[in-house]
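Coordinates from target_23.cif are shown below (mmCIF, C-alpha atoms and all ligand atoms).
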data_target
loop_
_atom_site.label_atom_id
_atom_site.label_comp_id
_atom_site.auth_asym_id
_atom_site.auth_seq_id
_atom_site.Cartn_x
_atom_site.Cartn_y
_atom_site.Cartn_z
CA MET A 706 -33.31 51.46 -57.88
CA ARG A 707 -33.24 48.08 -59.54
CA ILE A 708 -33.23 44.77 -57.71
CA ASP A 709 -30.20 42.67 -58.54
CA VAL A 710 -30.69 38.97 -59.27
CA LEU A 711 -27.35 37.35 -60.14
CA GLY A 712 -26.11 40.42 -62.00
CA VAL A 713 -29.33 41.38 -63.79
CA GLY A 714 -31.12 44.44 -62.39
CA PHE A 715 -34.93 44.16 -62.38
CA ASP A 716 -37.41 47.03 -62.14
CA ASN A 717 -39.63 46.52 -59.12
CA LEU A 718 -43.04 47.29 -60.59
CA THR A 719 -46.57 45.92 -60.59
CA MET A 720 -48.01 45.10 -64.01
CA ASP A 721 -50.04 48.34 -63.99
CA GLU A 722 -46.92 50.36 -63.17
CA ALA A 723 -44.90 48.56 -65.86
CA VAL A 724 -47.55 49.28 -68.50
CA GLU A 725 -47.73 52.92 -67.42
CA ARG A 726 -43.95 53.18 -67.71
CA GLY A 727 -44.04 51.43 -71.10
CA MET A 728 -46.58 53.95 -72.41
CA GLU A 729 -44.50 56.85 -71.07
CA LEU A 730 -41.52 55.49 -73.00
CA LEU A 731 -43.63 55.13 -76.13
CA GLU A 732 -44.71 58.75 -75.83
CA SER A 733 -41.27 60.16 -75.03
CA GLN A 734 -38.43 61.27 -77.30
CA GLY A 735 -35.77 58.80 -78.41
CA THR A 736 -35.70 55.02 -78.64
CA HIS A 737 -36.15 52.74 -75.65
CA TYR A 738 -36.18 48.98 -75.35
CA VAL A 739 -37.82 46.65 -72.86
CA VAL A 740 -36.58 43.18 -71.89
CA THR A 741 -38.36 40.44 -69.95
CA PRO A 742 -35.75 38.02 -68.60
CA ASN A 743 -36.56 34.64 -67.07
CA PRO A 744 -34.06 32.47 -65.13
CA GLU A 745 -32.78 30.99 -68.40
CA ILE A 746 -31.83 34.46 -69.66
CA VAL A 747 -30.22 35.40 -66.33
CA GLU A 748 -28.10 32.25 -66.69
CA VAL A 749 -27.16 33.30 -70.25
CA CYS A 750 -26.16 36.73 -68.91
CA ARG A 751 -23.90 35.14 -66.29
CA GLU A 752 -21.91 33.58 -69.11
CA ASN A 753 -22.22 36.22 -71.81
CA THR A 754 -21.05 39.70 -70.78
CA GLU A 755 -22.39 41.37 -73.92
CA ALA A 756 -25.86 39.92 -73.30
CA LYS A 757 -25.65 41.10 -69.70
CA ARG A 758 -24.64 44.61 -70.71
CA VAL A 759 -27.47 44.85 -73.21
CA VAL A 760 -30.11 43.42 -70.85
CA ASN A 761 -29.08 45.79 -68.06
CA GLY A 762 -29.04 48.66 -70.56
CA ALA A 763 -32.76 48.32 -71.24
CA ALA A 764 -35.15 51.10 -70.21
CA LEU A 765 -37.31 48.51 -68.48
CA VAL A 766 -36.25 45.09 -67.17
CA LEU A 767 -39.32 43.05 -66.23
CA PRO A 768 -39.32 39.66 -64.44
CA ASP A 769 -40.96 37.28 -66.90
CA GLY A 770 -41.82 34.48 -64.54
CA ILE A 771 -42.08 32.96 -61.10
CA GLY A 772 -38.41 31.83 -61.08
CA ILE A 773 -37.11 35.40 -60.88
CA ILE A 774 -39.68 36.30 -58.20
CA LYS A 775 -38.58 33.31 -56.11
CA GLY A 776 -34.89 34.11 -56.67
CA ALA A 777 -35.33 37.75 -55.62
CA ALA A 778 -37.26 36.69 -52.50
CA MET A 779 -34.58 34.12 -51.59
CA LEU A 780 -31.96 36.88 -51.83
CA GLY A 781 -33.97 38.98 -49.36
CA THR A 782 -34.90 41.64 -51.93
CA PRO A 783 -38.41 40.69 -53.06
CA LEU A 784 -39.97 42.01 -56.26
CA LYS A 785 -43.60 43.17 -56.23
CA GLU A 786 -44.91 40.67 -58.79
CA LYS A 787 -44.11 38.82 -61.99
CA THR A 788 -44.78 40.80 -65.14
CA PRO A 789 -44.73 38.24 -67.97
CA GLY A 790 -43.72 39.67 -71.33
CA ILE A 791 -46.78 38.34 -73.10
CA GLU A 792 -49.17 39.96 -70.61
CA PHE A 793 -47.22 43.22 -70.66
CA ALA A 794 -47.38 43.15 -74.47
CA GLU A 795 -51.13 42.59 -74.50
CA HIS A 796 -51.73 45.54 -72.13
CA ILE A 797 -49.51 47.76 -74.26
CA VAL A 798 -51.39 46.71 -77.41
CA GLU A 799 -54.71 47.51 -75.72
CA ARG A 800 -53.49 51.00 -74.79
CA MET A 801 -51.97 51.57 -78.24
CA ALA A 802 -55.27 50.61 -79.87
CA LYS A 803 -57.14 53.21 -77.82
CA GLU A 804 -54.72 55.84 -79.08
CA GLY A 805 -54.74 54.59 -82.69
CA ARG A 806 -51.02 53.86 -82.62
CA SER A 807 -49.05 51.59 -84.93
CA LEU A 808 -47.12 48.43 -84.17
CA TYR A 809 -44.57 46.45 -86.20
CA LEU A 810 -44.20 42.73 -85.50
CA LEU A 811 -40.79 41.15 -86.11
CA GLY A 812 -39.95 37.51 -85.53
CA ALA A 813 -41.08 33.87 -85.57
CA LYS A 814 -41.43 31.58 -88.57
CA PRO A 815 -42.74 32.92 -91.90
CA GLY A 816 -46.45 33.76 -91.78
CA ILE A 817 -46.68 33.83 -87.96
CA ALA A 818 -46.14 37.58 -87.44
CA GLU A 819 -48.73 38.30 -90.13
CA LEU A 820 -51.27 36.03 -88.46
CA ALA A 821 -50.48 37.51 -85.04
CA GLY A 822 -51.02 41.00 -86.49
CA LYS A 823 -54.37 40.01 -87.97
CA ASN A 824 -55.54 38.52 -84.66
CA LEU A 825 -54.37 41.51 -82.61
CA ALA A 826 -55.98 44.02 -84.98
CA GLU A 827 -59.27 42.09 -84.78
CA LYS A 828 -59.16 41.87 -81.00
CA TYR A 829 -58.09 45.50 -80.49
CA PRO A 830 -59.87 47.75 -82.97
CA GLY A 831 -57.95 50.96 -83.52
CA LEU A 832 -54.57 49.24 -83.48
CA LYS A 833 -52.61 49.80 -86.69
CA ILE A 834 -50.27 47.05 -87.81
CA ALA A 835 -47.45 48.99 -89.47
CA GLY A 836 -45.89 45.84 -90.91
CA THR A 837 -44.59 42.36 -90.17
CA HIS A 838 -41.51 40.28 -90.96
CA ASP A 839 -40.40 36.80 -89.97
CA GLY A 840 -37.38 36.31 -87.74
CA TYR A 841 -35.25 34.24 -90.10
CA PHE A 842 -33.37 36.91 -92.06
CA GLN A 843 -29.67 37.26 -92.78
CA GLU A 844 -29.09 41.01 -92.85
CA ASP A 845 -30.34 43.64 -90.43
CA ALA A 846 -30.23 46.64 -92.82
CA PRO A 847 -33.28 45.86 -95.02
CA ILE A 848 -35.40 45.05 -91.96
CA VAL A 849 -34.30 48.22 -90.16
CA GLU A 850 -35.16 50.24 -93.26
CA ALA A 851 -38.58 48.56 -93.62
CA ILE A 852 -39.49 49.27 -89.98
CA ARG A 853 -38.23 52.84 -90.21
CA GLU A 854 -40.28 53.46 -93.34
CA SER A 855 -43.37 51.94 -91.75
CA GLY A 856 -43.30 54.76 -89.16
CA ALA A 857 -44.25 52.31 -86.38
CA ASP A 858 -44.58 53.74 -82.87
CA ALA A 859 -43.56 50.43 -81.31
CA VAL A 860 -41.91 47.18 -82.41
CA PHE A 861 -42.27 43.73 -80.88
CA VAL A 862 -38.96 41.92 -81.48
CA CYS A 863 -39.46 38.18 -81.05
CA LEU A 864 -36.25 36.41 -82.04
CA GLY A 865 -35.55 34.45 -78.85
CA ALA A 866 -32.98 35.44 -76.22
CA PRO A 867 -30.36 36.82 -76.26
CA LYS A 868 -30.65 37.39 -80.02
CA GLN A 869 -33.59 39.81 -79.66
CA GLU A 870 -31.93 41.84 -76.88
CA LEU A 871 -28.71 42.21 -78.88
CA TRP A 872 -30.73 43.06 -81.99
CA MET A 873 -32.70 45.81 -80.23
CA ALA A 874 -29.59 47.38 -78.70
CA ARG A 875 -27.80 47.31 -82.08
CA ASN A 876 -30.64 48.61 -84.25
CA GLY A 877 -32.98 50.58 -81.97
CA GLU A 878 -31.60 54.01 -82.76
CA ALA A 879 -31.64 53.45 -86.54
CA ILE A 880 -35.22 52.16 -86.45
CA GLY A 881 -36.55 55.34 -84.89
CA ALA A 882 -39.59 53.77 -83.13
CA HIS A 883 -39.94 54.99 -79.55
CA LEU A 884 -40.51 51.58 -77.96
CA LEU A 885 -39.07 48.15 -78.76
CA CYS A 886 -40.03 45.10 -76.70
CA GLY A 887 -38.16 41.77 -76.73
CA LEU A 888 -40.86 39.14 -76.30
CA GLY A 889 -39.53 35.67 -77.14
CA GLY A 890 -42.23 33.33 -78.39
CA SER A 891 -45.13 35.78 -77.96
CA LEU A 892 -45.97 36.04 -81.66
CA ASP A 893 -46.60 32.29 -81.77
CA VAL A 894 -49.12 32.76 -78.95
CA PHE A 895 -50.78 35.80 -80.56
CA ALA A 896 -50.96 33.86 -83.83
CA GLY A 897 -52.62 30.97 -82.00
CA THR A 898 -50.06 28.38 -83.09
CA VAL A 899 -48.71 27.95 -79.53
CA GLU A 900 -51.05 27.81 -76.58
CA ARG A 901 -50.22 29.62 -73.35
CA ALA A 902 -50.67 27.67 -70.12
CA PRO A 903 -54.20 27.95 -68.68
CA LYS A 904 -54.71 30.53 -65.91
CA PHE A 905 -54.55 27.97 -63.09
CA TRP A 906 -51.02 26.91 -64.09
CA CYS A 907 -49.86 30.54 -64.49
CA ASP A 908 -51.39 31.59 -61.15
CA HIS A 909 -49.63 28.73 -59.37
CA GLY A 910 -46.21 29.41 -60.86
CA LEU A 911 -46.35 26.25 -62.97
CA GLU A 912 -46.35 27.72 -66.46
CA TRP A 913 -42.85 26.33 -67.04
CA PHE A 914 -44.07 22.82 -66.18
CA TYR A 915 -47.04 23.09 -68.55
CA ARG A 916 -44.70 24.21 -71.34
CA LEU A 917 -42.37 21.33 -70.60
CA CYS A 918 -45.24 18.83 -70.85
CA LYS A 919 -46.32 20.34 -74.18
CA GLU A 920 -42.78 20.63 -75.57
CA PRO A 921 -40.58 17.98 -73.89
CA LYS A 922 -37.65 18.99 -76.11
CA ARG A 923 -37.34 22.13 -73.95
CA ILE A 924 -35.89 19.99 -71.15
CA GLY A 925 -32.29 20.97 -72.01
CA ARG A 926 -33.14 24.67 -71.78
CA MET A 927 -35.20 24.18 -68.64
CA MET A 928 -32.31 22.56 -66.82
CA LYS A 929 -31.13 26.15 -66.45
CA LEU A 930 -33.93 26.69 -63.91
CA PRO A 931 -32.50 24.39 -61.18
CA LEU A 932 -29.04 25.74 -62.02
CA PHE A 933 -30.39 29.26 -61.45
CA LEU A 934 -31.72 28.25 -58.03
CA VAL A 935 -28.36 26.70 -57.13
CA HIS A 936 -26.63 29.95 -58.07
CA VAL A 937 -29.15 32.00 -56.06
CA ARG A 938 -28.49 29.80 -53.00
CA LYS A 939 -24.74 30.28 -53.41
CA GLU A 940 -25.21 34.04 -53.73
CA LYS A 941 -27.36 34.08 -50.60
CA ARG A 942 -24.68 32.29 -48.60
CA LYS A 943 -22.03 34.88 -49.57
N1 LIG B 1001 -36.95 32.92 -83.62
C1 LIG B 1001 -36.74 33.77 -84.67
N2 LIG B 1001 -35.52 33.82 -85.26
C2 LIG B 1001 -34.48 33.07 -84.84
C3 LIG B 1001 -34.67 32.21 -83.73
C4 LIG B 1001 -35.93 32.17 -83.14
O1 LIG B 1001 -37.65 34.48 -85.07
O2 LIG B 1001 -33.40 33.16 -85.43
C5 LIG B 1001 -38.26 32.88 -82.99
C6 LIG B 1001 -38.89 31.51 -82.85
O3 LIG B 1001 -39.53 31.16 -84.07
C7 LIG B 1001 -39.88 31.77 -81.73
C8 LIG B 1001 -39.14 32.80 -80.87
O4 LIG B 1001 -38.13 33.34 -81.67
O5 LIG B 1001 -41.05 32.33 -82.23
C9 LIG B 1001 -38.45 32.24 -79.63
O6 LIG B 1001 -39.28 31.43 -78.97
P1 LIG B 1001 -38.88 30.77 -77.58
O7 LIG B 1001 -39.97 29.83 -77.27
O8 LIG B 1001 -37.48 30.29 -77.61
O9 LIG B 1001 -38.91 32.04 -76.64
P2 LIG B 1001 -39.24 32.19 -75.11
O10 LIG B 1001 -40.65 32.70 -75.08
O11 LIG B 1001 -39.02 30.88 -74.44
O12 LIG B 1001 -38.24 33.24 -74.71
#
Could you render the structure from this file as structure tokens?
Amino acid sequence: MRIDVLGVGFDNLTMDEAVERGMELLESQGTHYVVTPNPEIVEVCRENTEAKRVVNGAALVLPDGIGIIKGAAMLGTPLKEKTPGIEFAEHIVERMAKEGRSLYLLGAKPGIAELAGKNLAEKYPGLKIAGTHDGYFQEDAPIVEAIRESGADAVFVCLGAPKQELWMARNGEAIGAHLLCGLGGSLDVFAGTVERAPKFWCDHGLEWFYRLCKEPKRIGRMMKLPLFLVHVRKEKRK
């Protein structure tokens, strides 16, 4: 059973369990997609019913950060731990490399997915990069065809939320890969063009603050975090 946080149902898993489940999906028949919502995405889902439907329709819904963990705890239904998309992705890549599987990287500015693929293939020998494409395209069809032809086992879809979630739900079946993961700005991190917060900040639930210091223009988006907490408090009172 999923744990509901303001209308989004989260899978209550440790990181190890989430990775295990991800690999099961990759090895099973059909197409499955994984989403990793943070409070900002939950707020988007409260306003956008299509985004909400698609997020809740994912095979795995993983809490990306400390905000969701805090929200779930405040509502009296705690989640086991945060399972950030980027860490989940790295574990999946490690397992895929051991099995010689292939990964397609879609998203970010031109050149970034390619660089991310090069770095991942160097770090995880055995991993096959089936192909890459930037995230600034007009039509889905040629991209869907390219991924399908590449024969990728998994696809990282990094177009920002809720664009990537809607994209995966719309195109997953036609792509044919078993596992699609919506991972926001992860390709920028794998490419090395954006730095993830150091471990101390992540361990203390301050990754959002580190990001804000590095990219002050995110302030508008981050105002959704206090709004999320206000909504959680209201929900708790009900
Ligand atoms: N992006 C994209 N196509 C778009 C809009 C965004 O490929 O039409 C990329 C953008 O370049 C970035 C990622 O999507 O690499 C979104 O990053 P953001 O920091 O917003 O994601 P977060 O990790 O905060 O969810």
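Take the candidates A:Lys929, A:Val766, A:Ile708, A:Thr736 and check each one against Asn876 (chain A) using all atoms listed in the file; the shortest distance goes to A:Thr736.
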Nearest residue to ligand LIG 1001 (chain B) from the set A:Ala778, A:Ile746, A:Ala859, A:Leu885 (distances using all atoms listed in the file): A:Ile746
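Restricting the calculation to only C-alpha atoms and all ligand atoms, the smallest distance between ligand LIG 1001 (chain B) and any of A:Ser807, A:Asn761, A:Thr719, A:Thr741 is found for A:Thr741.
Near Glu912 (chain A), within a cut-off of 10 Å and counting all atoms listed in the file, sit the residues Gly770, Ile771, Arg901, Ala902, Pro903, Lys904, Phe905, Trp906, Cys907, Asp908, His909, Tyr915, Arg916, Leu917 and Cys918 of chain A, with same-chain residues fewer than 3 positions away left out.
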May I have the residues within 8 Å of Ser733 (chain A) as a PyMOL selection string, using only C-alpha atoms and disregarding those fewer than 3 positions away in the same chain? chain A and resi 729-730+883
Kindly export the residues of the current selection with C-alpha atoms, as a PDB file, in the coordinates of the input.
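And here is the file that came out, selection.pdb:
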ATOM      1  CA  GLU A 729     -44.500  56.850 -71.070  1.00  0.00           C
ATOM      2  CA  LEU A 730     -41.520  55.490 -73.000  1.00  0.00           C
ATOM      3  CA  HIS A 883     -39.940  54.990 -79.550  1.00  0.00           C
TER       4      HIS A 883
END
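Within 12 Å of the file-frame point (-34.6, 52.4, -91.3), and using all atoms listed in the file, the polymer residues found are A:Asp845, A:Ala846, A:Pro847, A:Ile848, A:Val849, A:Glu850, A:Ala851, A:Ile852, A:Arg853, A:Glu854, A:Ser855, A:Gly856, A:Ala857, A:Asn876, A:Gly877, A:Glu878, A:Ala879, A:Ile880, A:Gly881, A:Ala882.
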For Ala826 (chain A), please output as an MDAnalysis selection string all residues within 10 Å (counting only C-alpha atoms; exclusion window: fewer than 6 positions along the same chain). chainID A and resid 798:799 802 808 820 832:834
Contact table region 876-937 of chain A vs region 782-791 of chain A, cut-off 9 Å, shortest pair per residue, only C-alpha atoms, as a tab-separated table:
residue	atom	partner	partner_atom	distance
A:Cys886	CA	A:Gly790	CA	8.5
A:Gly887	CA	A:Gly790	CA	8.0
A:Leu888	CA	A:Gly790	CA	5.8
A:Gly889	CA	A:Gly790	CA	8.2
A:Gly890	CA	A:Ile791	CA	8.6
A:Ser891	CA	A:Ile791	CA	5.7
A:Leu892	CA	A:Ile791	CA	8.9
A:Val894	CA	A:Ile791	CA	8.4
A:Phe895	CA	A:Ile791	CA	8.8
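Counting from CA of Leu930 (chain A), the distance to CA of Ile797 (chain A) is 28.2 Å.
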What is the CA of Ala794 (chain A) to CA of Asp721 (chain A) distance in Å? 12.0 Å
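If only C-alpha atoms and all ligand atoms are the atoms counted, then among A:Leu884, A:Met779, A:Val740, A:Val760 the closest residue to ligand LIG 1001 (chain B) is A:Val740.
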Which residues are near ligand LIG 1001 (chain B) - at most 10 Å, using only C-alpha atoms and all ligand atoms? Format: as a PyMOL selection string. chain A and resi 741-743+745-746+769+789-791+811-815+817-818+838-843+862-869+887-894+898-899+913+916+920+923+926-927
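Taking CA of Tyr809 (chain A) and CA of Asp858 (chain A) as endpoints, the distance between them is 8.0 Å.
Using all atoms listed in the file, the smallest distance between any of A:Leu871, A:Leu711, A:Val739, A:Val724 and Glu752 (chain A) comes from A:Leu711.
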Tell me which of A:Arg751, A:His737, A:Lys823, A:Lys922 sits closest to Val713 (chain A), counting all atoms listed in the file. A:Arg751
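Near Val759 (chain A), within 9 Å and counting all atoms listed in the file, sit Thr754, Glu870, Leu871, Met873 and Ala874 of chain A; same-chain residues fewer than 5 positions away were not included.
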